[in-house]
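Enquirer: Mind looking over this structure? Questions follow.
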8 protein chains.
Amino acid sequence: MNPDALHELLSQIRDGQVPVEEALERLARLPFRDLGHTVVDHHRALRKGFPEVVFGEYKTAEQITAIVSELASAGQNVLVTRVDPPKAEEVMGRVPSLSHEPLARCLVLRQHAPDARGAGPIAIVTAGTSDLPVAHEAALVVQLAGDEVVMVTDVGVAGVHRLFHRLDDLRRAAVVIVAAGMEGALPSVVGGLVAAPIIAVPTSVGYGAAFGGVAALLGMLTSCSSGVTVVNIDNGFGAGYAAVLMNRTGARK
Amino acid sequence: MNPDALHELLSQIRDGQVPVEEALERLARLPFRDLGHTVVDHHRALRKGFPEVVFGEYKTAEQITAIVSELASAGQNVLVTRVDPPKAEEVMGRVPSLSHEPLARCLVLRQHAPDARGAGPIAIVTAGTSDLPVAHEAALVVQLAGDEVVMVTDVGVAGVHRLFHRLDDLRRAAVVIVAAGMEGALPSVVGGLVAAPIIAVPTSVGYGAAFGGVAALLGMLTSCSSGVTVVNIDNGFGAGYAAVLMNRTGARK
Amino acid sequence: MNPDALHELLSQIRDGQVPVEEALERLARLPFRDLGHTVVDHHRALRKGFPEVVFGEYKTAEQITAIVSELASAGQNVLVTRVDPPKAEEVMGRVPSLSHEPLARCLVLRQHAPDARGAGPIAIVTAGTSDLPVAHEAALVVQLAGDEVVMVTDVGVAGVHRLFHRLDDLRRAAVVIVAAGMEGALPSVVGGLVAAPIIAVPTSVGYGAAFGGVAALLGMLTSCSSGVTVVNIDNGFGAGYAAVLMNRTGARK
Amino acid sequence: MNPDALHELLSQIRDGQVPVEEALERLARLPFRDLGHTVVDHHRALRKGFPEVVFGEYKTAEQITAIVSELASAGQNVLVTRVDPPKAEEVMGRVPSLSHEPLARCLVLRQHAPDARGAGPIAIVTAGTSDLPVAHEAALVVQLAGDEVVMVTDVGVAGVHRLFHRLDDLRRAAVVIVAAGMEGALPSVVGGLVAAPIIAVPTSVGYGAAFGGVAALLGMLTSCSSGVTVVNIDNGFGAGYAAVLMNRTGARK
Amino acid sequence: MNPDALHELLSQIRDGQVPVEEALERLARLPFRDLGHTVVDHHRALRKGFPEVVFGEYKTAEQITAIVSELASAGQNVLVTRVDPPKAEEVMGRVPSLSHEPLARCLVLRQHAPDARGAGPIAIVTAGTSDLPVAHEAALVVQLAGDEVVMVTDVGVAGVHRLFHRLDDLRRAAVVIVAAGMEGALPSVVGGLVAAPIIAVPTSVGYGAAFGGVAALLGMLTSCSSGVTVVNIDNGFGAGYAAVLMNRTGARK
Amino acid sequence: MNPDALHELLSQIRDGQVPVEEALERLARLPFRDLGHTVVDHHRALRKGFPEVVFGEYKTAEQITAIVSELASAGQNVLVTRVDPPKAEEVMGRVPSLSHEPLARCLVLRQHAPDARGAGPIAIVTAGTSDLPVAHEAALVVQLAGDEVVMVTDVGVAGVHRLFHRLDDLRRAAVVIVAAGMEGALPSVVGGLVAAPIIAVPTSVGYGAAFGGVAALLGMLTSCSSGVTVVNIDNGFGAGYAAVLMNRTGARK
Amino acid sequence: MNPDALHELLSQIRDGQVPVEEALERLARLPFRDLGHTVVDHHRALRKGFPEVVFGEYKTAEQITAIVSELASAGQNVLVTRVDPPKAEEVMGRVPSLSHEPLARCLVLRQHAPDARGAGPIAIVTAGTSDLPVAHEAALVVQLAGDEVVMVTDVGVAGVHRLFHRLDDLRRAAVVIVAAGMEGALPSVVGGLVAAPIIAVPTSVGYGAAFGGVAALLGMLTSCSSGVTVVNIDNGFGAGYAAVLMNRTGARK
Amino acid sequence: MNPDALHELLSQIRDGQVPVEEALERLARLPFRDLGHTVVDHHRALRKGFPEVVFGEYKTAEQITAIVSELASAGQNVLVTRVDPPKAEEVMGRVPSLSHEPLARCLVLRQHAPDARGAGPIAIVTAGTSDLPVAHEAALVVQLAGDEVVMVTDVGVAGVHRLFHRLDDLRRAAVVIVAAGMEGALPSVVGGLVAAPIIAVPTSVGYGAAFGGVAALLGMLTSCSSGVTVVNIDNGFGAGYAAVLMNRTGARK
């Protein structure tokens, strides 16, 4: 039941063509989705300035092309994450208006400017150079939402003085994303230095007892610093998205 | 080196009593902490309206009493988490101005009103009644920070219609905390319904393959909903604290 | 919005007191739950002949008493699972019409006969005597639904001839529940002998590498026999409930 | 000892050629299998309308060819699961009557119509498009057994309204299979909406803390919805097979 | 169908009272167990000289009493493992002929001498004093089977010279059991020194990364010494039983 | 210090050329190995009839060639395990007297007949055809030691009647090796049927919750059948070697 | 064979009473231990200045009393670790010369001064007050070896400025022990600041995803700082002992 | 703020150009790093004689080239670890002064002699030939620091006499590194024989329950020998680096 159909039903009730009891029965099992789907999606775009996001890892180039084409025709911005170079090549051959961001492993279609309503810049901090792909994925999401990104890279805890050097950058951020592999200790240190909410992203960087990001994940979950919340291993997109939401809790009123 | 000592040193430089080279040497290894400690702590109180928080689980009644007494004499609000009834009894016998919040398993000392600067109410959602202690711990932290709490309890996914009934409450929240044990699916469903950042708290409720909260933790980390970040199992305090920070990203400017 | 309120709204539309557009807006966010909740619950009772089930493990005697009292006043059958003897004692002191089933660790209130619509008997098989509490919990659920239980106990794979002795009982069952701890191999063997769907229940019986039921759980999930599905460790209730549903797939038409 | 040999022995007893005591000794260790094997297999085919199923993953094209040829000559329907395209190619070159189902990754030989005795349609629900291969494997098994399949795809919990839109389809199913990766929350939500038994299939879709399907598996095992049973990760075949058995518990009488 | 019933059936065939075809049908589903059960059990006692063994951990004193009484009346030796002192006390109050072995945590009823047919002594080696309960349980099983036990205690690898001191004892053993906790390295070292089969028993001795015996278990499973096989954590009974079987492979001919 | 050097030292003591005190000092730190090494190795060959065994997986073709050449020149039988076809090809090009056993993934050099001293045949049982490589590796070890192998393949628990058909073969074995993947239940069933020691070999056959052999490993370790000991996942060599040792406990006297 | 017996044997060779060949045979299997045991133990005491150490956790008061008494009579210093207060009470009632160190949970017998040969002080750093018992156990071991301890407590990474305040103390240490629970990040930060070897001790402090010290353990093993080595969870004794060895690598020459 | 800037500020204070209060404010947030960074790095080179170390695994040839070039121009020694042959080839084509160490999988640039200040030789012990790459990585680090390496290879515990043969080499080492896979038992045995600190390196050698080095890691962490500390799986570099630090605890005074 789409909005038109619902409108029709309500009109029929009003006009006495459908008795209240029957309408009650039908509405009790109202297909919430059709109506909701369209409304929610439009709300989302209006409210968040977010592009539509397609998770590209498990999709074929054909599937991505079909989805992107449909979204493109609606005039929306589109972000496709986790696209490796050959797949990116293939999709771009079919949808030439897409641009490829190799560092972030994403495809992007920009059709209109985002409505930047974030409270302040979002700092994206990495422990080492190997964490950069995850950081770039997060940065792209933030930028597409229209928020300012401050990159603070290679400031891992083994040389904690490097972090202090960037303290001003960290302290003026409204939200801080910290990506780190191995022992994942950086969010704890950052959490002791700034008052902004911190989103910790464990990365799969490391070997042996790093267990593909598990050591970093556990370290971040058990962080002794307050204000740290955690997303899935290597989930740069999720961190960026959550940061944008946090950055406009004041703007939603 | 405390602030007074630093002031003294700087004055001595100004007065020529200490040569620049010697001061350079001493400042190069500046005991950042003493100065920072006091300053940061005062900043924290001013900026966040947060009470001092003491993690009570591993501390004896004597230790808690000593810490609380010191903080109390400084006029601060104090929150002691994870205090079981006998320990609470013992500490309250020594510091009568404390009050006990049995549902949240906390001791609280309120000496002044918080400065409520949150952007909006913080919704705390639970899947079942067994998640209530964690939810109450989170709620207490939020209330002590001066933010409004909206409790939405017992709306687990096995009866998802219960959740829809509270949709208005969820949608007006600036930040949503969702506590759930067992399969921990509730944050995913809530995440599809609201635009606020969601803090998922896995609880240790369940048995067998729940593995003391691990099933819920993994479910929340791999949530297919965007905007969900996660804290440690049963970490109501951490969820509440992070929610308060998220609730004032706009206020920090 | 409860059913009455919905009825009122629809009547107002019909009477022209509420314009279609406004009703559309309100219905778009229809509180699905209130209506659904009552309907669904009543449907459930009618359709399945199931009592209301309360998971007692994390609830206090006070909470259980309150819930049971409310359900009792509505004339329903009630089952409370995972109640240890002292808690059972306490609740029964307040709701004397309850009976205690110590083997199944349950409290039961029988107020009316179930509508037995199962296709055939449900066999409940255990590998050893230590699996009996789980089996009895399952059996109680099946009996409360009005289906016939056939108990086949202590027929573990180390003495597989014991199982063959009961083959007739197994083969006449419409659904077979198999509870086993340690290596959990019994469902595989049973699965090779009967054509009924098999519900495997790993139990926490065992030590060392049994890991509290994990060995049995993994064994059952990787069973080389077809037709075996699995529930959580020690989840006798879940096995019994699922068996009853399976037993009336033909009756639901 | 095959059936003929058993017949011979019994005839010899009747004719007095073998004394009762000697026969007793020999029968006490009766090679149950030979007799049973043939009987059971024929029973299975008659009773369930199931084709013979060959697990193709660990078998060479030669082995699969040999098995399929033997079964084909007996006039049976045959299903070979988990066959990748090159292996399928190779086997089909040798047994041209086979057809390849690439979505389900299966080879199929249809020699006679199944005897459709299921009580009702079997709904196969997926959380996302990445779960489709598992769903198609299940669907193929169901169809080969002669039961009706209703596919309900891409209705994951992050957009729960999509699921409500298909509620009628779900509610008319006799059995529901739900395949989901990542947090695996969908069976819990479906379980709260329908009265049919639900078979949950965790899929290996996801990354990081999804641990190749473990997060979904644990979530499904600890589901707070009743009536949910679980099969192994990615086990579409097992889900389909179990669903068919559940669908004819009434028909077996 | 018990042996008498089978005898009856065979006699009826012989007498022409039951046709061969009908007998064939009935025998095809022969209740293998009743006949087999008695025979196998008697065979076991005769062949192995083993007492009946009751796993006492999950059984109540009442259940143990009932089982022991029945076995006692049949003149058998009986071993009950994993009985804590209060339970032992209670059972012995009812079956006074039992003796308690506190070091091995067992109850024993000796009614006849075992038939000692082992090829040689069985050495039981422990890494430390904490492994003694497991070693004593194994020793009791071996002694009840009539085989000779050689105890070699406290010879862990941190002082490997202690082991060499007992080399003669090790080398004259037909089978060697090695119980060790923590890193569980002792079986590897012993395996390099003797030619007998070695049964490694990981014990739950240790803390932290010992994970209740898992470290020792993994170490023993991955032992670089040949001839080492492993039993469950703390499974002294299983090690002793397997050692006795290995000790009479030559005697079984 | 080699045997000659030791002989020399002892002669010097005897001849008074080295004082007792000095000899005491030198002997206290006796290089046990040189003497021991040669002696032990020769003892091993004499005592066990075993070939030298080289673990080929981590060694280059060059390394294997060098080791095999040295052993070959000493007239010994040699077994190289875990050699993939290209590496086998390369080594055989350099040591043409080697033969390749593709099913067992081994290289073999036979230079003399083994001294068959096993008490009886060794049965090697597999649950399915996928377990064959592991079974063949075990079989090759047993045959090289001169013991008889009885293969009993494809008798998994899902069709337990197949196992009974081979009961005579199982019961005449002195030792039984059982290789099984997935739920690994076969050793438990075999253990209830025979009196010989059973060596369980979990295989990495399976997917999902099989976790590369872990499900089978745990199932075997927690087997409810007595007399079952376990080796590492896929360790056919270790099972065969241990079986041979068990098969001659009587012969070592 | 003890030293006297060896002396005797050598004398007999010298005197021609035992032929060289026979001596060769006997010495080839020299009971290395008896001689070695005494020598090694005396060497250890002389070389390391270490007391004898008894792991008290799994030992009864009787066993501890017996061991301590024997060591006491030999004039040695003795340390008994992991003794809870009641057990300590009981042992001290029998060996009054022992003193109890409740913070370190140890019993100590000091009979002579250690020979302090450490290169410098050993810093023992804790992240929080809950790590103190482990730190005190380590400190006691260091002090009993005669080395200087510098305690640096409560300097966890959430307030990293506290650590800098103690930098001088850290930098003058020859070896640094760092005990931390939860995310265990402190060793990484310390490792970036000092040039001494660092021994990281994960503690079991924390809850939820701390998994009893596992999160800290993994974090320490995957530390991005060089020079960090790790001991078992809560192993204060092992850390102290290793630190003492490291502190005298220069002294051993 | 670099040292010059700090000098300037202090001069301005002295000259009265900057008031004390303003300086206090600026110094309170002193950018510790710039000053510290340069100082610390130079200190490190001077103090340890270590080359700069680059972790090559996650870096591209371009990145490695850039880093090495910069370090080379500063006259430093450089070590790049975990470089596979093609990447090594590529980097060496651009920086010809580099040499490749294939066994250690490293690139090395030697521009000046290390200052050998180690107290004694460092023994590097391996259990088997498969552990050699890890051992060679450790050896290279030790040699670049100017310390002496003693290699003791292939002395695993299954033939413990091989180890005794090298006892003199082990006992003269100031520090001992032990690399072992599978059960990882060698450090325990070595720890009982020598008084030097032992660094245990688990390697990923093994299969099945070795779990890629986890079995060895757990074994080493729970070693019953004192003086053993552990590094990450396959972390040869970390072991070598820590050994060098331990080797000069006496030299740092």
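Ligands are numbered from 1 in the order shown, chains are lettered A, B, ... in the order of the structure tokens, and residues start at 1 in each chain.
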Which residues are near E:Ala174? Cut-off 9 Å, only C-alpha atoms, ignore same chain within fewer than 3 positions. Put them as JSON, numbers by chain.
Expert: {"E": [118, 119, 120, 121, 122, 123, 170, 171, 195, 196, 197, 243, 246, 247], "F": [246, 248, 249, 250, 252, 253]}
Enquirer: Those same residues, written as a PDB file, in the first residue's frame with N, CA, C and O atoms?
Expert:
ATOM      1  N   GLY E 118      47.613 -57.275  31.288  1.00  0.00           N
ATOM      2  CA  GLY E 118      48.395 -56.232  30.640  1.00  0.00           C
ATOM      3  C   GLY E 118      49.787 -56.722  30.285  1.00  0.00           C
ATOM      4  O   GLY E 118      50.357 -57.578  30.967  1.00  0.00           O
ATOM      5  N   ALA E 119      50.335 -56.163  29.200  1.00  0.00           N
ATOM      6  CA  ALA E 119      51.652 -56.604  28.723  1.00  0.00           C
ATOM      7  C   ALA E 119      52.770 -56.162  29.655  1.00  0.00           C
ATOM      8  O   ALA E 119      53.811 -56.797  29.738  1.00  0.00           O
ATOM      9  N   GLY E 120      52.560 -55.043  30.362  1.00  0.00           N
ATOM     10  CA  GLY E 120      53.623 -54.545  31.223  1.00  0.00           C
ATOM     11  C   GLY E 120      53.077 -53.476  32.140  1.00  0.00           C
ATOM     12  O   GLY E 120      51.885 -53.198  32.145  1.00  0.00           O
ATOM     13  N   PRO E 121      53.942 -52.855  32.926  1.00  0.00           N
ATOM     14  CA  PRO E 121      53.462 -51.795  33.825  1.00  0.00           C
ATOM     15  C   PRO E 121      53.048 -50.556  33.037  1.00  0.00           C
ATOM     16  O   PRO E 121      53.491 -50.339  31.916  1.00  0.00           O
ATOM     17  N   ILE E 122      52.175 -49.774  33.648  1.00  0.00           N
ATOM     18  CA  ILE E 122      51.734 -48.505  33.057  1.00  0.00           C
ATOM     19  C   ILE E 122      52.300 -47.381  33.914  1.00  0.00           C
ATOM     20  O   ILE E 122      51.990 -47.288  35.108  1.00  0.00           O
ATOM     21  N   ALA E 123      53.141 -46.566  33.302  1.00  0.00           N
ATOM     22  CA  ALA E 123      53.726 -45.447  34.029  1.00  0.00           C
ATOM     23  C   ALA E 123      52.774 -44.264  33.988  1.00  0.00           C
ATOM     24  O   ALA E 123      52.201 -43.960  32.940  1.00  0.00           O
ATOM     25  N   LEU E 170      60.452 -45.180  33.259  1.00  0.00           N
ATOM     26  CA  LEU E 170      59.675 -44.849  32.064  1.00  0.00           C
ATOM     27  C   LEU E 170      59.877 -45.894  30.970  1.00  0.00           C
ATOM     28  O   LEU E 170      58.937 -46.291  30.292  1.00  0.00           O
ATOM     29  N   ARG E 171      61.130 -46.326  30.826  1.00  0.00           N
ATOM     30  CA  ARG E 171      61.441 -47.186  29.682  1.00  0.00           C
ATOM     31  C   ARG E 171      60.940 -48.605  29.835  1.00  0.00           C
ATOM     32  O   ARG E 171      60.807 -49.326  28.846  1.00  0.00           O
ATOM     33  N   ALA E 195      59.717 -45.545  23.816  1.00  0.00           N
ATOM     34  CA  ALA E 195      59.097 -46.117  22.618  1.00  0.00           C
ATOM     35  C   ALA E 195      57.664 -46.571  22.857  1.00  0.00           C
ATOM     36  O   ALA E 195      56.998 -47.007  21.930  1.00  0.00           O
ATOM     37  N   ALA E 196      57.176 -46.448  24.075  1.00  0.00           N
ATOM     38  CA  ALA E 196      55.805 -46.864  24.361  1.00  0.00           C
ATOM     39  C   ALA E 196      54.817 -45.811  23.872  1.00  0.00           C
ATOM     40  O   ALA E 196      55.176 -44.643  23.722  1.00  0.00           O
ATOM     41  N   PRO E 197      53.559 -46.215  23.629  1.00  0.00           N
ATOM     42  CA  PRO E 197      52.552 -45.202  23.330  1.00  0.00           C
ATOM     43  C   PRO E 197      52.337 -44.310  24.554  1.00  0.00           C
ATOM     44  O   PRO E 197      52.375 -44.789  25.687  1.00  0.00           O
ATOM     45  N   ALA E 243      44.739 -46.646  28.484  1.00  0.00           N
ATOM     46  CA  ALA E 243      46.038 -47.286  28.722  1.00  0.00           C
ATOM     47  C   ALA E 243      45.870 -48.791  28.918  1.00  0.00           C
ATOM     48  O   ALA E 243      46.660 -49.593  28.414  1.00  0.00           O
ATOM     49  N   MET E 246      45.291 -50.371  25.567  1.00  0.00           N
ATOM     50  CA  MET E 246      46.547 -50.441  24.808  1.00  0.00           C
ATOM     51  C   MET E 246      47.466 -51.523  25.370  1.00  0.00           C
ATOM     52  O   MET E 246      48.218 -52.145  24.630  1.00  0.00           O
ATOM     53  N   ASN E 247      47.364 -51.718  26.659  1.00  0.00           N
ATOM     54  CA  ASN E 247      48.257 -52.658  27.324  1.00  0.00           C
ATOM     55  C   ASN E 247      47.894 -54.097  27.015  1.00  0.00           C
ATOM     56  O   ASN E 247      48.621 -55.017  27.354  1.00  0.00           O
TER      57      ASN E 247
ATOM     58  N   MET F 246      50.917 -48.856  19.786  1.00  0.00           N
ATOM     59  CA  MET F 246      49.928 -49.571  20.603  1.00  0.00           C
ATOM     60  C   MET F 246      49.849 -51.040  20.203  1.00  0.00           C
ATOM     61  O   MET F 246      49.592 -51.911  21.036  1.00  0.00           O
ATOM     62  N   ARG F 248      52.122 -52.964  19.471  1.00  0.00           N
ATOM     63  CA  ARG F 248      53.212 -53.826  19.917  1.00  0.00           C
ATOM     64  C   ARG F 248      53.569 -53.604  21.383  1.00  0.00           C
ATOM     65  O   ARG F 248      54.714 -53.856  21.762  1.00  0.00           O
ATOM     66  N   THR F 249      52.604 -53.187  22.170  1.00  0.00           N
ATOM     67  CA  THR F 249      52.898 -53.103  23.608  1.00  0.00           C
ATOM     68  C   THR F 249      53.236 -54.481  24.152  1.00  0.00           C
ATOM     69  O   THR F 249      54.049 -54.610  25.066  1.00  0.00           O
ATOM     70  N   GLY F 250      52.599 -55.509  23.594  1.00  0.00           N
ATOM     71  CA  GLY F 250      52.908 -56.864  24.043  1.00  0.00           C
ATOM     72  C   GLY F 250      54.249 -57.353  23.521  1.00  0.00           C
ATOM     73  O   GLY F 250      54.921 -58.171  24.153  1.00  0.00           O
ATOM     74  N   ARG F 252      56.991 -55.664  23.093  1.00  0.00           N
ATOM     75  CA  ARG F 252      58.176 -54.955  23.577  1.00  0.00           C
ATOM     76  C   ARG F 252      58.803 -55.621  24.794  1.00  0.00           C
ATOM     77  O   ARG F 252      59.928 -55.333  25.151  1.00  0.00           O
ATOM     78  N   LYS F 253      58.059 -56.459  25.428  1.00  0.00           N
ATOM     79  CA  LYS F 253      58.543 -57.126  26.659  1.00  0.00           C
ATOM     80  C   LYS F 253      59.892 -57.775  26.464  1.00  0.00           C
ATOM     81  O   LYS F 253      60.053 -58.620  25.602  1.00  0.00           O
TER      82      LYS F 253
END
Enquirer: Please, which residues in chain E fall within 10 Å of chain H when counting only C-alpha atoms, and what is the closest atom pair and distance in Å to one decimal for each, ordered by chain then residue number, as CSV?
Expert:
residue,atom,partner,partner_atom,distance
E:Ala127,CA,H:Cys224,CA,9.5
E:Gly128,CA,H:Cys224,CA,9.7
E:Gly156,CA,H:Cys224,CA,8.0
E:Val157,CA,H:Val189,CA,5.3
E:Ala158,CA,H:Gly192,CA,4.4
E:Gly159,CA,H:Gly192,CA,5.1
E:Val160,CA,H:Val189,CA,6.6
E:His161,CA,H:Gly192,CA,9.0
E:Gly181,CA,H:Thr222,CA,9.0
E:Met182,CA,H:Thr222,CA,5.2
E:Glu183,CA,H:Gly219,CA,4.1
E:Gly184,CA,H:Gly219,CA,7.2
E:Ala185,CA,H:Ala185,CA,5.2
E:Leu186,CA,H:Ala185,CA,8.3
E:Pro187,CA,H:Ala158,CA,9.0
E:Ser188,CA,H:Ala158,CA,5.5
E:Val189,CA,H:Val157,CA,5.3
E:Val190,CA,H:Ala158,CA,7.8
E:Gly191,CA,H:Ala158,CA,6.4
E:Gly192,CA,H:Ala158,CA,4.4
E:Leu193,CA,H:Gly159,CA,7.4
E:Gly206,CA,H:Thr222,CA,7.4
E:Tyr207,CA,H:Thr222,CA,7.9
E:Gly208,CA,H:Thr222,CA,7.9
E:Ala209,CA,H:Leu218,CA,5.9
E:Ala210,CA,H:Thr222,CA,5.9
E:Phe211,CA,H:Leu218,CA,8.9
E:Val214,CA,H:Leu218,CA,8.5
E:Ala215,CA,H:Leu218,CA,5.3
E:Ala216,CA,H:Gly219,CA,6.9
E:Leu217,CA,H:Ala215,CA,8.7
E:Leu218,CA,H:Ala215,CA,5.3
E:Gly219,CA,H:Glu183,CA,4.1
E:Met220,CA,H:Glu183,CA,6.7
E:Leu221,CA,H:Ala209,CA,6.5
E:Thr222,CA,H:Met182,CA,5.2
E:Ser223,CA,H:Glu183,CA,5.4
E:Cys224,CA,H:Ala158,CA,6.0
E:Ser225,CA,H:Ala158,CA,4.9
E:Ser226,CA,H:Ala158,CA,8.3
Enquirer: If you run DSSP on the backbone here, which positions in stretch 19-238 of chain B get alpha helix (DSSP H)? Please write them as number ranges by chain.
Expert: B: 20-28, 32-48, 61-73, 85-94, 132-144, 160-164, 167-171, 186-191, 214-221, 236-238
Enquirer: Report, in Å to a single decimal, how far apart atom CA of B:Gly213 and atom CA of B:Ile124 are.
Expert: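 So the two atoms, atom CA of B:Ile124 and atom CA of B:Gly213, lie 18.5 Å apart.
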Enquirer: Quick one: everything within 7 Å of stretch 73-77 of chain H, counting only C-alpha atoms, minus sequence neighbours fewer than 4 positions away in the same chain. Send it as a PyMOL selection string.
Expert: chain H and resi 51-52+69+109-112
Enquirer: I need the residues from that last selection saved to file as an mmCIF file, in the first residue's frame (with C-alpha atoms), if you can.
Expert:
data_model
loop_
_atom_site.group_PDB
_atom_site.id
_atom_site.type_symbol
_atom_site.label_atom_id
_atom_site.label_comp_id
_atom_site.auth_asym_id
_atom_site.auth_seq_id
_atom_site.Cartn_x
_atom_site.Cartn_y
_atom_site.Cartn_z
ATOM 1 C CA PRO H 51 69.627 1.405 13.196
ATOM 2 C CA GLU H 52 66.332 2.954 12.291
ATOM 3 C CA SER H 69 66.378 7.567 1.219
ATOM 4 C CA LEU H 109 71.776 -0.300 4.875
ATOM 5 C CA ARG H 110 75.024 -0.236 6.816
ATOM 6 C CA GLN H 111 76.669 3.190 6.928
ATOM 7 C CA HIS H 112 78.649 3.008 10.135
#
Enquirer: Could you pull the residues within 10 Å of G:Arg105, counting only C-alpha atoms, minus those fewer than 5 positions along the same chain, as a VMD selection string?
Expert: chain G and resid 56 80 to 85 88 100 133 to 134 136 to 137 140
Enquirer: Rank nothing, just name the residue among C:Lys59, C:Glu8, C:Val155, C:Ser97 nearest to B:Leu132, using only C-alpha atoms.
Expert: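 So, comparing all the options, the nearest one is C:Lys59.
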Enquirer: Name the residues of stretch 30-242 of chain D that fall into strand (DSSP E or B) according to DSSP on the backbone, using the chain letters and numbers of this document, as JSON, numbers by chain.
Expert: {"D": [52, 53, 54, 55, 78, 79, 80, 81, 99, 100, 101, 106, 107, 108, 109, 122, 123, 124, 125, 126, 149, 150, 151, 152, 175, 176, 177, 178, 179, 180, 198, 199, 200, 201, 202, 228, 229, 230]}
